[in-house]
Amino acid sequence: RKEVEQDPGPFNVPEGATVAFNCTYSNSASQSFFWYRQDCRKEPKLLMSVYSSGNEDGRFTAQLNRASQYISLLIRDSKLSDSATYLCVVTSDGGKLIFGQGTELSVKP
Amino acid sequence: GAGVSQSPRYKVAKRGQDVALRCDPISGHVSLFWYQQALGQGPEFLTYFQNEAQLDKSGLPSDRFFAERPEGSVSTLKIQRTQQEDSAVYLCASSEKRQRSGNTIYFGEGSWLTVV
(Lines give C-alpha, C1' and ligand atoms only; values in the text may rest on other atoms or scores of the structure.)
Protein backbone atom coordinates (compact mmCIF):
# COMPACT_ATOMS: atom_id res chain seq x y z
CA ARG A 1 0.00 0.00 0.00
CA LYS A 2 1.32 3.43 -0.95
CA GLU A 3 1.98 5.85 1.88
CA VAL A 4 -0.18 8.54 0.22
CA GLU A 5 -3.16 7.58 -1.92
CA GLN A 6 -5.23 9.70 -4.25
CA ASP A 7 -7.90 9.08 -6.86
CA PRO A 8 -5.94 9.47 -10.12
CA GLY A 9 -8.93 10.85 -12.03
CA PRO A 10 -9.10 12.42 -14.51
CA PHE A 11 -11.76 14.78 -13.27
CA ASN A 12 -13.44 16.52 -16.20
CA VAL A 13 -15.56 19.46 -15.06
CA PRO A 14 -17.15 22.52 -16.70
CA GLU A 15 -15.99 26.02 -15.88
CA GLY A 16 -17.57 27.29 -12.72
CA ALA A 17 -17.99 23.87 -11.16
CA THR A 18 -16.90 22.94 -7.67
CA VAL A 19 -14.55 19.99 -7.49
CA ALA A 20 -13.16 18.09 -4.50
CA PHE A 21 -10.05 15.95 -4.27
CA ASN A 22 -9.46 13.43 -1.52
CA CYS A 23 -6.30 11.92 -0.17
CA THR A 24 -5.45 9.43 2.56
CA TYR A 25 -2.09 8.81 4.21
CA SER A 26 -0.85 5.85 6.20
CA ASN A 27 1.83 7.30 8.50
CA SER A 28 0.15 8.65 11.61
CA ALA A 29 3.44 10.36 12.56
CA SER A 30 3.29 12.70 9.56
CA GLN A 31 3.63 16.29 10.72
CA SER A 32 3.01 18.51 7.72
CA PHE A 33 0.64 18.36 4.81
CA PHE A 34 0.49 20.14 1.48
CA TRP A 35 -1.18 20.32 -1.87
CA TYR A 36 1.10 20.84 -4.84
CA ARG A 37 0.08 21.64 -8.38
CA GLN A 38 1.89 20.26 -11.40
CA ASP A 39 1.26 21.52 -14.92
CA CYS A 40 1.96 19.27 -17.89
CA ARG A 41 5.70 18.74 -18.35
CA LYS A 42 6.50 21.18 -15.53
CA GLU A 43 7.81 20.81 -11.99
CA PRO A 44 5.53 20.57 -8.96
CA LYS A 45 4.79 23.87 -7.25
CA LEU A 46 3.37 24.44 -3.80
CA LEU A 47 -0.32 25.35 -3.93
CA MET A 48 -1.02 25.51 -0.22
CA SER A 49 -0.20 24.03 3.14
CA VAL A 50 -2.92 22.18 5.02
CA TYR A 51 -3.61 22.94 8.66
CA SER A 52 -5.65 20.99 11.18
CA SER A 53 -8.14 23.83 11.52
CA GLY A 54 -8.69 23.94 7.78
CA ASN A 55 -7.55 26.83 5.64
CA GLU A 56 -8.70 28.78 2.66
CA ASP A 57 -6.88 30.67 -0.08
CA GLY A 58 -9.29 32.38 -2.42
CA ARG A 59 -11.22 29.68 -4.27
CA PHE A 60 -9.20 26.89 -2.67
CA THR A 61 -10.03 25.26 0.66
CA ALA A 62 -7.93 22.56 2.27
CA GLN A 63 -8.94 20.38 5.19
CA LEU A 64 -7.15 17.82 7.33
CA ASN A 65 -8.64 15.10 9.50
CA ARG A 66 -5.80 13.61 11.55
CA ALA A 67 -8.00 10.98 13.17
CA SER A 68 -9.03 9.59 9.79
CA GLN A 69 -5.67 10.45 8.16
CA TYR A 70 -7.55 12.19 5.39
CA ILE A 71 -6.82 15.38 3.48
CA SER A 72 -9.05 17.21 1.03
CA LEU A 73 -8.86 20.07 -1.43
CA LEU A 74 -11.93 21.92 -2.64
CA ILE A 75 -11.81 24.20 -5.67
CA ARG A 76 -14.79 26.51 -6.13
CA ASP A 77 -15.78 28.32 -9.34
CA SER A 78 -13.17 26.39 -11.32
CA LYS A 79 -11.31 28.18 -14.12
CA LEU A 80 -9.75 26.84 -17.29
CA SER A 81 -6.38 27.74 -15.77
CA ASP A 82 -7.01 25.31 -12.89
CA SER A 83 -6.43 22.40 -15.28
CA ALA A 84 -3.42 20.56 -13.88
CA THR A 85 -2.47 17.59 -11.73
CA TYR A 86 -2.95 18.10 -7.99
CA LEU A 87 -0.54 16.25 -5.74
CA CYS A 88 -1.26 15.44 -2.12
CA VAL A 89 1.94 15.59 -0.08
CA VAL A 90 2.80 14.61 3.49
CA THR A 91 6.05 14.67 5.37
CA SER A 92 7.62 11.48 6.59
CA ASP A 93 10.70 10.40 8.53
CA GLY A 94 12.66 13.51 9.29
CA GLY A 95 10.61 15.77 7.09
CA LYS A 96 11.08 14.42 3.57
CA LEU A 97 8.11 14.93 1.27
CA ILE A 98 6.05 11.92 0.22
CA PHE A 99 3.82 12.48 -2.80
CA GLY A 100 0.61 10.85 -3.87
CA GLN A 101 0.29 9.84 -7.50
CA GLY A 102 -1.68 12.98 -8.30
CA THR A 103 -5.21 13.70 -9.45
CA GLU A 104 -5.62 15.13 -12.93
CA LEU A 105 -8.13 17.93 -13.37
CA SER A 106 -9.40 19.14 -16.71
CA VAL A 107 -11.69 22.17 -16.72
CA LYS A 108 -13.67 22.56 -19.92
CA PRO A 109 -15.32 25.71 -21.31
CA GLY B 1 18.14 32.71 -12.86
CA ALA B 2 17.56 32.37 -9.14
CA GLY B 3 15.79 29.01 -9.24
CA VAL B 4 16.94 25.39 -9.17
CA SER B 5 18.65 24.57 -12.44
CA GLN B 6 18.98 21.08 -13.89
CA SER B 7 20.87 19.77 -16.87
CA PRO B 8 20.49 18.20 -19.29
CA ARG B 9 16.79 18.92 -19.66
CA TYR B 10 16.41 15.96 -21.99
CA LYS B 11 18.59 12.88 -22.35
CA VAL B 12 18.16 9.81 -24.53
CA ALA B 13 20.43 6.96 -23.47
CA LYS B 14 20.96 3.56 -24.95
CA ARG B 15 20.32 0.69 -22.56
CA GLY B 16 23.51 -0.06 -20.69
CA GLN B 17 24.89 3.45 -21.03
CA ASP B 18 25.88 5.50 -17.96
CA VAL B 19 24.26 8.91 -17.46
CA ALA B 20 24.97 11.86 -15.17
CA LEU B 21 22.35 14.43 -14.26
CA ARG B 22 23.35 17.74 -12.72
CA CYS B 23 21.52 19.97 -10.26
CA ASP B 24 22.40 23.55 -9.32
CA PRO B 25 20.34 24.39 -6.23
CA ILE B 26 19.35 27.87 -5.18
CA SER B 27 22.47 29.60 -3.86
CA GLY B 28 22.94 29.07 -0.15
CA HIS B 29 20.36 26.34 0.20
CA VAL B 30 21.41 23.72 2.70
CA SER B 31 19.09 20.87 1.76
CA LEU B 32 19.00 19.14 -1.61
CA PHE B 33 16.67 16.37 -2.70
CA TRP B 34 16.42 14.10 -5.72
CA TYR B 35 13.08 12.63 -6.81
CA GLN B 36 12.15 10.28 -9.65
CA GLN B 37 8.82 10.74 -11.41
CA ALA B 38 7.56 8.09 -13.81
CA LEU B 39 4.83 8.91 -16.30
CA GLY B 40 1.45 9.24 -14.61
CA GLN B 41 2.90 8.93 -11.12
CA GLY B 42 3.83 11.32 -8.37
CA PRO B 43 7.47 12.06 -7.55
CA GLU B 44 9.23 9.31 -5.57
CA PHE B 45 11.94 10.25 -3.08
CA LEU B 46 15.44 9.09 -3.99
CA THR B 47 17.95 10.79 -1.72
CA TYR B 48 18.64 13.81 0.50
CA PHE B 49 21.75 15.92 1.20
CA GLN B 50 22.36 18.36 4.00
CA ASN B 51 25.26 20.39 2.67
CA GLU B 52 27.76 17.77 1.42
CA ALA B 53 26.49 14.96 3.65
CA GLN B 54 24.14 12.40 2.13
CA LEU B 55 21.85 11.78 5.09
CA ASP B 56 19.20 9.65 3.44
CA LYS B 57 19.55 7.45 0.38
CA SER B 58 16.76 5.08 1.23
CA GLY B 59 14.89 5.77 -2.00
CA LEU B 60 17.66 4.87 -4.44
CA PRO B 61 16.20 1.89 -6.34
CA SER B 62 19.41 -0.04 -6.87
CA ASP B 63 23.17 0.17 -6.53
CA ARG B 64 23.25 1.46 -10.11
CA PHE B 65 22.10 4.80 -8.73
CA PHE B 66 24.63 7.07 -7.06
CA ALA B 67 24.40 10.70 -5.97
CA GLU B 68 26.99 13.13 -4.70
CA ARG B 69 27.28 16.74 -3.58
CA PRO B 70 30.99 17.06 -2.81
CA GLU B 71 31.13 20.78 -2.00
CA GLY B 72 27.67 21.19 -0.61
CA SER B 73 26.36 23.01 -3.64
CA VAL B 74 26.03 21.35 -7.06
CA SER B 75 24.83 17.75 -7.02
CA THR B 76 25.12 14.97 -9.57
CA LEU B 77 22.89 11.93 -9.86
CA LYS B 78 24.60 9.12 -11.74
CA ILE B 79 22.86 6.09 -13.16
CA GLN B 80 25.06 3.26 -14.31
CA ARG B 81 24.11 0.66 -16.92
CA THR B 82 20.75 2.29 -17.58
CA GLN B 83 17.68 0.12 -18.00
CA GLN B 84 14.38 0.93 -19.68
CA GLU B 85 12.64 1.14 -16.30
CA ASP B 86 14.94 4.06 -15.44
CA SER B 87 13.05 6.20 -17.97
CA ALA B 88 11.52 9.00 -15.93
CA VAL B 89 11.82 12.64 -15.01
CA TYR B 90 14.47 13.23 -12.37
CA LEU B 91 13.57 16.22 -10.23
CA CYS B 92 15.97 18.08 -8.00
CA ALA B 93 14.73 20.31 -5.20
CA SER B 94 16.39 22.51 -2.62
CA SER B 95 15.46 24.10 0.65
CA GLU B 96 17.05 26.92 2.58
CA LYS B 97 17.25 25.10 5.88
CA ARG B 98 17.92 21.63 7.19
CA GLN B 99 15.27 19.09 6.32
CA ARG B 100 12.40 19.35 8.72
CA SER B 101 8.66 19.42 8.49
CA GLY B 102 7.22 22.57 7.08
CA ASN B 103 10.23 23.87 5.14
CA THR B 104 9.36 25.07 1.67
CA ILE B 105 11.26 23.24 -1.04
CA TYR B 106 11.73 24.47 -4.59
CA PHE B 107 11.88 22.14 -7.56
CA GLY B 108 13.86 22.40 -10.74
CA GLU B 109 12.19 21.68 -14.08
CA GLY B 110 13.64 18.18 -14.14
CA SER B 111 15.83 16.09 -16.38
CA TRP B 112 13.77 13.89 -18.72
CA LEU B 113 15.56 10.60 -19.24
CA THR B 114 14.49 8.13 -21.92
CA VAL B 115 16.33 4.81 -22.14
CA VAL B 116 15.98 3.06 -25.48
# chains A, B, ... in the order shown; residues from 1 in each chain; ligands from 1
call {"tool": "interface_residues", "arguments": {"of": "chain A", "to": "chain B", "cutoff": "12 Å", "atoms": "only C-alpha atoms", "output": "JSON, numbers by chain"}}
result
{"A": [2, 3, 4, 5, 6, 7, 8, 9, 10, 29, 30, 31, 32, 33, 34, 36, 37, 38, 39, 40, 41, 42, 43, 44, 45, 46, 47, 48, 49, 50, 51, 85, 86, 87, 88, 89, 90, 91, 92, 93, 94, 95, 96, 97, 98, 99, 100, 101, 102, 103, 104]}
call {"tool": "residues_around", "arguments": {"residues": "Asp86 in chain B", "least_positions_apart": "3", "cutoff": "8 Å", "atoms": "only C-alpha atoms", "output": "VMD selection string"}}
result
chain B and resid 82 to 83 113 to 115
call {"tool": "write_last_selection", "arguments": {"atoms": "all heavy atoms", "output": "PDB file, in the first residue's frame"}}
result
ATOM      1  N   THR B  82      22.172   1.945 -17.580  1.00  0.00           N
ATOM      2  CA  THR B  82      20.754   2.293 -17.577  1.00  0.00           C
ATOM      3  C   THR B  82      19.886   1.183 -18.147  1.00  0.00           C
ATOM      4  O   THR B  82      20.276   0.460 -19.088  1.00  0.00           O
ATOM      5  CB  THR B  82      20.501   3.580 -18.377  1.00  0.00           C
ATOM      6  OG1 THR B  82      21.098   3.462 -19.672  1.00  0.00           O
ATOM      7  CG2 THR B  82      21.044   4.799 -17.655  1.00  0.00           C
ATOM      8  N   GLN B  83      18.695   1.061 -17.570  1.00  0.00           N
ATOM      9  CA  GLN B  83      17.678   0.116 -18.004  1.00  0.00           C
ATOM     10  C   GLN B  83      16.444   0.892 -18.435  1.00  0.00           C
ATOM     11  O   GLN B  83      16.268   2.059 -18.054  1.00  0.00           O
ATOM     12  CB  GLN B  83      17.304  -0.828 -16.850  1.00  0.00           C
ATOM     13  CG  GLN B  83      18.474  -1.570 -16.238  1.00  0.00           C
ATOM     14  CD  GLN B  83      19.085  -2.567 -17.211  1.00  0.00           C
ATOM     15  OE1 GLN B  83      18.359  -3.276 -17.898  1.00  0.00           O
ATOM     16  NE2 GLN B  83      20.400  -2.607 -17.271  1.00  0.00           N
ATOM     17  N   LEU B 113      14.690  11.671 -18.759  1.00  0.00           N
ATOM     18  CA  LEU B 113      15.562  10.597 -19.241  1.00  0.00           C
ATOM     19  C   LEU B 113      14.723   9.549 -19.953  1.00  0.00           C
ATOM     20  O   LEU B 113      13.751   9.039 -19.395  1.00  0.00           O
ATOM     21  CB  LEU B 113      16.319   9.944 -18.076  1.00  0.00           C
ATOM     22  CG  LEU B 113      17.139   8.693 -18.429  1.00  0.00           C
ATOM     23  CD1 LEU B 113      18.283   9.041 -19.371  1.00  0.00           C
ATOM     24  CD2 LEU B 113      17.677   8.021 -17.156  1.00  0.00           C
ATOM     25  N   THR B 114      15.123   9.225 -21.170  1.00  0.00           N
ATOM     26  CA  THR B 114      14.495   8.133 -21.922  1.00  0.00           C
ATOM     27  C   THR B 114      15.584   7.127 -22.256  1.00  0.00           C
ATOM     28  O   THR B 114      16.608   7.478 -22.847  1.00  0.00           O
ATOM     29  CB  THR B 114      13.861   8.631 -23.226  1.00  0.00           C
ATOM     30  OG1 THR B 114      12.886   9.638 -22.922  1.00  0.00           O
ATOM     31  CG2 THR B 114      13.185   7.491 -23.972  1.00  0.00           C
ATOM     32  N   VAL B 115      15.371   5.878 -21.857  1.00  0.00           N
ATOM     33  CA  VAL B 115      16.325   4.811 -22.140  1.00  0.00           C
ATOM     34  C   VAL B 115      15.734   3.937 -23.243  1.00  0.00           C
ATOM     35  O   VAL B 115      14.626   3.415 -23.119  1.00  0.00           O
ATOM     36  CB  VAL B 115      16.622   3.977 -20.888  1.00  0.00           C
ATOM     37  CG1 VAL B 115      17.646   2.887 -21.203  1.00  0.00           C
ATOM     38  CG2 VAL B 115      17.128   4.869 -19.761  1.00  0.00           C
TER      39      VAL B 115
END
call {"tool": "atom_distance", "arguments": {"atom1": "CA of Asn27 in chain A", "atom2": "CA of Gln69 in chain A"}}
result
8.1 Å
call {"tool": "atom_distance", "arguments": {"atom1": "CA of Arg1 in chain A", "atom2": "CA of Ser31 in chain B"}}
result
28.3 Å
call {"tool": "select_by_dssp", "arguments": {"residues": "chain B", "states": "strand (DSSP E)", "output": "PyMOL selection string"}}
result
chain B and resi 5-7+10-13+19-24+31-37+44-50+53-56+65-68+75-79+88-95+106-107+111-115
call {"tool": "residues_around", "arguments": {"residues": "Pro8 in chain B", "least_positions_apart": "3", "cutoff": "9 Å", "atoms": "only C-alpha atoms", "output": "PyMOL selection string"}}
result
chain B and resi 11+20-22+110-112
call {"tool": "atom_distance", "arguments": {"atom1": "CA of Ala53 in chain B", "atom2": "CA of Arg69 in chain B"}}
result
7.5 Å
call {"tool": "closest_residue", "arguments": {"among": "A:Thr24, A:Arg59, A:Ile71, A:Ser83", "to": "Ser106 in chain A", "atoms": "only C-alpha atoms"}}
result
A:Ser83
call {"tool": "residues_around", "arguments": {"residues": "Ser52 in chain A", "least_positions_apart": "3", "cutoff": "9 Å", "atoms": "only C-alpha atoms", "output": "PyMOL selection string"}}
result
chain A and resi 55+63-66
call {"tool": "residues_around", "arguments": {"residues": "range 12-23 of chain A", "least_positions_apart": "4", "cutoff": "6 Å", "atoms": "only C-alpha atoms", "output": "list in words"}}
result
Glu5, Gln6, Tyr70, Ile71, Ser72, Leu73, Leu74, Ile75, Arg76, Asp77, Ser78, Lys79, Ser106, Val107, Lys108 and Pro109 of chain A
call {"tool": "select_by_dssp", "arguments": {"residues": "chain A", "states": "helix (DSSP H, G or I)", "output": "number ranges by chain"}}
result
A: 80-82, 93-95
call {"tool": "write_last_selection", "arguments": {"atoms": "N, CA, C and O atoms", "output": "PDB file, in the first residue's frame"}}
result
ATOM      1  N   LEU A  80     -10.520  27.621 -16.324  1.00  0.00           N
ATOM      2  CA  LEU A  80      -9.747  26.843 -17.293  1.00  0.00           C
ATOM      3  C   LEU A  80      -8.305  26.686 -16.824  1.00  0.00           C
ATOM      4  O   LEU A  80      -7.686  25.628 -16.989  1.00  0.00           O
ATOM      5  N   SER A  81      -7.782  27.733 -16.216  1.00  0.00           N
ATOM      6  CA  SER A  81      -6.385  27.736 -15.769  1.00  0.00           C
ATOM      7  C   SER A  81      -6.133  26.822 -14.576  1.00  0.00           C
ATOM      8  O   SER A  81      -4.977  26.616 -14.188  1.00  0.00           O
ATOM      9  N   ASP A  82      -7.184  26.264 -13.989  1.00  0.00           N
ATOM     10  CA  ASP A  82      -7.008  25.312 -12.886  1.00  0.00           C
ATOM     11  C   ASP A  82      -6.645  23.925 -13.410  1.00  0.00           C
ATOM     12  O   ASP A  82      -6.280  23.043 -12.620  1.00  0.00           O
ATOM     13  N   ASP A  93       9.431  10.508   7.831  1.00  0.00           N
ATOM     14  CA  ASP A  93      10.702  10.397   8.529  1.00  0.00           C
ATOM     15  C   ASP A  93      11.671  11.573   8.377  1.00  0.00           C
ATOM     16  O   ASP A  93      12.358  11.689   7.396  1.00  0.00           O
ATOM     17  N   GLY A  94      11.703  12.414   9.333  1.00  0.00           N
ATOM     18  CA  GLY A  94      12.658  13.509   9.294  1.00  0.00           C
ATOM     19  C   GLY A  94      12.256  14.670   8.414  1.00  0.00           C
ATOM     20  O   GLY A  94      13.021  15.621   8.257  1.00  0.00           O
ATOM     21  N   GLY A  95      11.093  14.604   7.833  1.00  0.00           N
ATOM     22  CA  GLY A  95      10.613  15.765   7.092  1.00  0.00           C
ATOM     23  C   GLY A  95      10.641  15.651   5.586  1.00  0.00           C
ATOM     24  O   GLY A  95      10.286  16.585   4.898  1.00  0.00           O
TER      25      GLY A  95
END
call {"tool": "decode", "arguments": {"residues": "range 38-75 of chain A", "atoms": "N, CA, C and O atoms", "output": "PDB file, in the first residue's frame"}}
result
ATOM      1  N   GLN A  38       0.895  20.531 -10.373  1.00  0.00           N
ATOM      2  CA  GLN A  38       1.891  20.265 -11.404  1.00  0.00           C
ATOM      3  C   GLN A  38       1.236  20.397 -12.772  1.00  0.00           C
ATOM      4  O   GLN A  38       0.314  19.654 -13.109  1.00  0.00           O
ATOM      5  N   ASP A  39       1.712  21.360 -13.543  1.00  0.00           N
ATOM      6  CA  ASP A  39       1.258  21.516 -14.916  1.00  0.00           C
ATOM      7  C   ASP A  39       1.997  20.531 -15.809  1.00  0.00           C
ATOM      8  O   ASP A  39       3.096  20.063 -15.479  1.00  0.00           O
ATOM      9  N   CYS A  40       1.396  20.264 -16.979  1.00  0.00           N
ATOM     10  CA  CYS A  40       1.956  19.268 -17.888  1.00  0.00           C
ATOM     11  C   CYS A  40       3.407  19.591 -18.234  1.00  0.00           C
ATOM     12  O   CYS A  40       3.727  20.725 -18.640  1.00  0.00           O
ATOM     13  N   ARG A  41       4.288  18.643 -18.022  1.00  0.00           N
ATOM     14  CA  ARG A  41       5.703  18.744 -18.351  1.00  0.00           C
ATOM     15  C   ARG A  41       6.428  19.843 -17.556  1.00  0.00           C
ATOM     16  O   ARG A  41       7.464  20.348 -17.988  1.00  0.00           O
ATOM     17  N   LYS A  42       5.871  20.183 -16.396  1.00  0.00           N
ATOM     18  CA  LYS A  42       6.503  21.179 -15.526  1.00  0.00           C
ATOM     19  C   LYS A  42       6.788  20.562 -14.163  1.00  0.00           C
ATOM     20  O   LYS A  42       6.332  19.458 -13.867  1.00  0.00           O
ATOM     21  N   GLU A  43       7.513  21.301 -13.324  1.00  0.00           N
ATOM     22  CA  GLU A  43       7.812  20.809 -11.993  1.00  0.00           C
ATOM     23  C   GLU A  43       6.647  21.055 -11.046  1.00  0.00           C
ATOM     24  O   GLU A  43       5.831  21.955 -11.271  1.00  0.00           O
ATOM     25  N   PRO A  44       6.563  20.297  -9.962  1.00  0.00           N
ATOM     26  CA  PRO A  44       5.527  20.569  -8.955  1.00  0.00           C
ATOM     27  C   PRO A  44       5.773  21.904  -8.266  1.00  0.00           C
ATOM     28  O   PRO A  44       6.919  22.271  -8.000  1.00  0.00           O
ATOM     29  N   LYS A  45       4.688  22.594  -7.974  1.00  0.00           N
ATOM     30  CA  LYS A  45       4.792  23.871  -7.246  1.00  0.00           C
ATOM     31  C   LYS A  45       3.792  23.861  -6.094  1.00  0.00           C
ATOM     32  O   LYS A  45       2.671  23.370  -6.231  1.00  0.00           O
ATOM     33  N   LEU A  46       4.225  24.417  -4.984  1.00  0.00           N
ATOM     34  CA  LEU A  46       3.373  24.445  -3.798  1.00  0.00           C
ATOM     35  C   LEU A  46       2.112  25.260  -4.059  1.00  0.00           C
ATOM     36  O   LEU A  46       2.182  26.416  -4.469  1.00  0.00           O
ATOM     37  N   LEU A  47       0.970  24.646  -3.829  1.00  0.00           N
ATOM     38  CA  LEU A  47      -0.315  25.346  -3.932  1.00  0.00           C
ATOM     39  C   LEU A  47      -0.688  25.914  -2.568  1.00  0.00           C
ATOM     40  O   LEU A  47      -0.958  27.098  -2.432  1.00  0.00           O
ATOM     41  N   MET A  48      -0.716  25.040  -1.565  1.00  0.00           N
ATOM     42  CA  MET A  48      -1.017  25.512  -0.222  1.00  0.00           C
ATOM     43  C   MET A  48      -0.667  24.452   0.809  1.00  0.00           C
ATOM     44  O   MET A  48      -0.661  23.266   0.504  1.00  0.00           O
ATOM     45  N   SER A  49      -0.362  24.927   2.000  1.00  0.00           N
ATOM     46  CA  SER A  49      -0.197  24.033   3.136  1.00  0.00           C
ATOM     47  C   SER A  49      -1.573  23.680   3.674  1.00  0.00           C
ATOM     48  O   SER A  49      -2.559  24.377   3.391  1.00  0.00           O
ATOM     49  N   VAL A  50      -1.646  22.615   4.448  1.00  0.00           N
ATOM     50  CA  VAL A  50      -2.917  22.178   5.016  1.00  0.00           C
ATOM     51  C   VAL A  50      -2.779  22.145   6.526  1.00  0.00           C
ATOM     52  O   VAL A  50      -1.878  21.481   7.055  1.00  0.00           O
ATOM     53  N   TYR A  51      -3.666  22.861   7.202  1.00  0.00           N
ATOM     54  CA  TYR A  51      -3.606  22.940   8.655  1.00  0.00           C
ATOM     55  C   TYR A  51      -4.795  22.215   9.266  1.00  0.00           C
ATOM     56  O   TYR A  51      -5.851  22.079   8.650  1.00  0.00           O
ATOM     57  N   SER A  52      -4.617  21.792  10.501  1.00  0.00           N
ATOM     58  CA  SER A  52      -5.651  20.995  11.182  1.00  0.00           C
ATOM     59  C   SER A  52      -6.980  21.722  11.265  1.00  0.00           C
ATOM     60  O   SER A  52      -8.039  21.095  11.211  1.00  0.00           O
ATOM     61  N   SER A  53      -6.913  23.040  11.369  1.00  0.00           N
ATOM     62  CA  SER A  53      -8.140  23.826  11.517  1.00  0.00           C
ATOM     63  C   SER A  53      -8.818  24.078  10.179  1.00  0.00           C
ATOM     64  O   SER A  53      -9.890  24.664  10.107  1.00  0.00           O
ATOM     65  N   GLY A  54      -8.175  23.637   9.115  1.00  0.00           N
ATOM     66  CA  GLY A  54      -8.690  23.936   7.778  1.00  0.00           C
ATOM     67  C   GLY A  54      -8.245  25.322   7.364  1.00  0.00           C
ATOM     68  O   GLY A  54      -8.095  26.205   8.205  1.00  0.00           O
ATOM     69  N   ASN A  55      -7.985  25.518   6.103  1.00  0.00           N
ATOM     70  CA  ASN A  55      -7.552  26.826   5.643  1.00  0.00           C
ATOM     71  C   ASN A  55      -8.014  27.076   4.214  1.00  0.00           C
ATOM     72  O   ASN A  55      -8.257  26.146   3.450  1.00  0.00           O
ATOM     73  N   GLU A  56      -8.129  28.365   3.926  1.00  0.00           N
ATOM     74  CA  GLU A  56      -8.702  28.785   2.656  1.00  0.00           C
ATOM     75  C   GLU A  56      -7.772  29.783   1.997  1.00  0.00           C
ATOM     76  O   GLU A  56      -7.150  30.609   2.682  1.00  0.00           O
ATOM     77  N   ASP A  57      -7.667  29.706   0.686  1.00  0.00           N
ATOM     78  CA  ASP A  57      -6.877  30.675  -0.076  1.00  0.00           C
ATOM     79  C   ASP A  57      -7.663  30.983  -1.337  1.00  0.00           C
ATOM     80  O   ASP A  57      -7.588  30.246  -2.314  1.00  0.00           O
ATOM     81  N   GLY A  58      -8.446  32.037  -1.282  1.00  0.00           N
ATOM     82  CA  GLY A  58      -9.294  32.376  -2.416  1.00  0.00           C
ATOM     83  C   GLY A  58     -10.316  31.282  -2.686  1.00  0.00           C
ATOM     84  O   GLY A  58     -11.110  30.940  -1.811  1.00  0.00           O
ATOM     85  N   ARG A  59     -10.255  30.720  -3.879  1.00  0.00           N
ATOM     86  CA  ARG A  59     -11.222  29.680  -4.272  1.00  0.00           C
ATOM     87  C   ARG A  59     -10.846  28.289  -3.762  1.00  0.00           C
ATOM     88  O   ARG A  59     -11.577  27.330  -3.998  1.00  0.00           O
ATOM     89  N   PHE A  60      -9.722  28.183  -3.109  1.00  0.00           N
ATOM     90  CA  PHE A  60      -9.195  26.894  -2.667  1.00  0.00           C
ATOM     91  C   PHE A  60      -9.350  26.736  -1.153  1.00  0.00           C
ATOM     92  O   PHE A  60      -8.973  27.626  -0.400  1.00  0.00           O
ATOM     93  N   THR A  61      -9.892  25.571  -0.758  1.00  0.00           N
ATOM     94  CA  THR A  61     -10.030  25.255   0.659  1.00  0.00           C
ATOM     95  C   THR A  61      -9.434  23.892   0.923  1.00  0.00           C
ATOM     96  O   THR A  61      -9.754  22.923   0.227  1.00  0.00           O
ATOM     97  N   ALA A  62      -8.556  23.830   1.911  1.00  0.00           N
ATOM     98  CA  ALA A  62      -7.925  22.560   2.274  1.00  0.00           C
ATOM     99  C   ALA A  62      -8.352  22.166   3.666  1.00  0.00           C
ATOM    100  O   ALA A  62      -8.522  23.019   4.544  1.00  0.00           O
ATOM    101  N   GLN A  63      -8.547  20.873   3.865  1.00  0.00           N
ATOM    102  CA  GLN A  63      -8.937  20.380   5.187  1.00  0.00           C
ATOM    103  C   GLN A  63      -8.131  19.138   5.527  1.00  0.00           C
ATOM    104  O   GLN A  63      -7.725  18.372   4.638  1.00  0.00           O
ATOM    105  N   LEU A  64      -7.922  18.956   6.821  1.00  0.00           N
ATOM    106  CA  LEU A  64      -7.148  17.824   7.333  1.00  0.00           C
ATOM    107  C   LEU A  64      -7.937  17.180   8.458  1.00  0.00           C
ATOM    108  O   LEU A  64      -8.416  17.867   9.350  1.00  0.00           O
ATOM    109  N   ASN A  65      -8.047  15.857   8.413  1.00  0.00           N
ATOM    110  CA  ASN A  65      -8.637  15.100   9.504  1.00  0.00           C
ATOM    111  C   ASN A  65      -7.585  14.108   9.984  1.00  0.00           C
ATOM    112  O   ASN A  65      -7.362  13.071   9.356  1.00  0.00           O
ATOM    113  N   ARG A  66      -6.909  14.455  11.071  1.00  0.00           N
ATOM    114  CA  ARG A  66      -5.803  13.608  11.549  1.00  0.00           C
ATOM    115  C   ARG A  66      -6.299  12.250  12.040  1.00  0.00           C
ATOM    116  O   ARG A  66      -5.637  11.238  11.874  1.00  0.00           O
ATOM    117  N   ALA A  67      -7.482  12.235  12.641  1.00  0.00           N
ATOM    118  CA  ALA A  67      -7.996  10.976  13.169  1.00  0.00           C
ATOM    119  C   ALA A  67      -8.233   9.971  12.048  1.00  0.00           C
ATOM    120  O   ALA A  67      -7.945   8.778  12.184  1.00  0.00           O
ATOM    121  N   SER A  68      -8.756  10.459  10.931  1.00  0.00           N
ATOM    122  CA  SER A  68      -9.033   9.594   9.787  1.00  0.00           C
ATOM    123  C   SER A  68      -7.864   9.527   8.811  1.00  0.00           C
ATOM    124  O   SER A  68      -7.917   8.768   7.834  1.00  0.00           O
ATOM    125  N   GLN A  69      -6.839  10.364   9.046  1.00  0.00           N
ATOM    126  CA  GLN A  69      -5.672  10.447   8.157  1.00  0.00           C
ATOM    127  C   GLN A  69      -6.136  10.731   6.733  1.00  0.00           C
ATOM    128  O   GLN A  69      -5.798  10.016   5.782  1.00  0.00           O
ATOM    129  N   TYR A  70      -6.860  11.816   6.630  1.00  0.00           N
ATOM    130  CA  TYR A  70      -7.549  12.188   5.394  1.00  0.00           C
ATOM    131  C   TYR A  70      -7.333  13.675   5.140  1.00  0.00           C
ATOM    132  O   TYR A  70      -7.414  14.486   6.053  1.00  0.00           O
ATOM    133  N   ILE A  71      -7.056  13.995   3.882  1.00  0.00           N
ATOM    134  CA  ILE A  71      -6.825  15.382   3.478  1.00  0.00           C
ATOM    135  C   ILE A  71      -7.715  15.662   2.278  1.00  0.00           C
ATOM    136  O   ILE A  71      -7.915  14.776   1.432  1.00  0.00           O
ATOM    137  N   SER A  72      -8.228  16.868   2.188  1.00  0.00           N
ATOM    138  CA  SER A  72      -9.054  17.210   1.033  1.00  0.00           C
ATOM    139  C   SER A  72      -8.688  18.576   0.487  1.00  0.00           C
ATOM    140  O   SER A  72      -8.094  19.412   1.181  1.00  0.00           O
ATOM    141  N   LEU A  73      -9.024  18.780  -0.770  1.00  0.00           N
ATOM    142  CA  LEU A  73      -8.856  20.072  -1.434  1.00  0.00           C
ATOM    143  C   LEU A  73     -10.137  20.351  -2.201  1.00  0.00           C
ATOM    144  O   LEU A  73     -10.586  19.510  -2.995  1.00  0.00           O
ATOM    145  N   LEU A  74     -10.723  21.510  -1.954  1.00  0.00           N
ATOM    146  CA  LEU A  74     -11.935  21.925  -2.643  1.00  0.00           C
ATOM    147  C   LEU A  74     -11.609  23.126  -3.511  1.00  0.00           C
ATOM    148  O   LEU A  74     -10.999  24.091  -3.017  1.00  0.00           O
ATOM    149  N   ILE A  75     -11.988  23.065  -4.759  1.00  0.00           N
ATOM    150  CA  ILE A  75     -11.811  24.202  -5.666  1.00  0.00           C
ATOM    151  C   ILE A  75     -13.198  24.684  -6.075  1.00  0.00           C
ATOM    152  O   ILE A  75     -13.982  23.916  -6.662  1.00  0.00           O
TER     153      ILE A  75
END
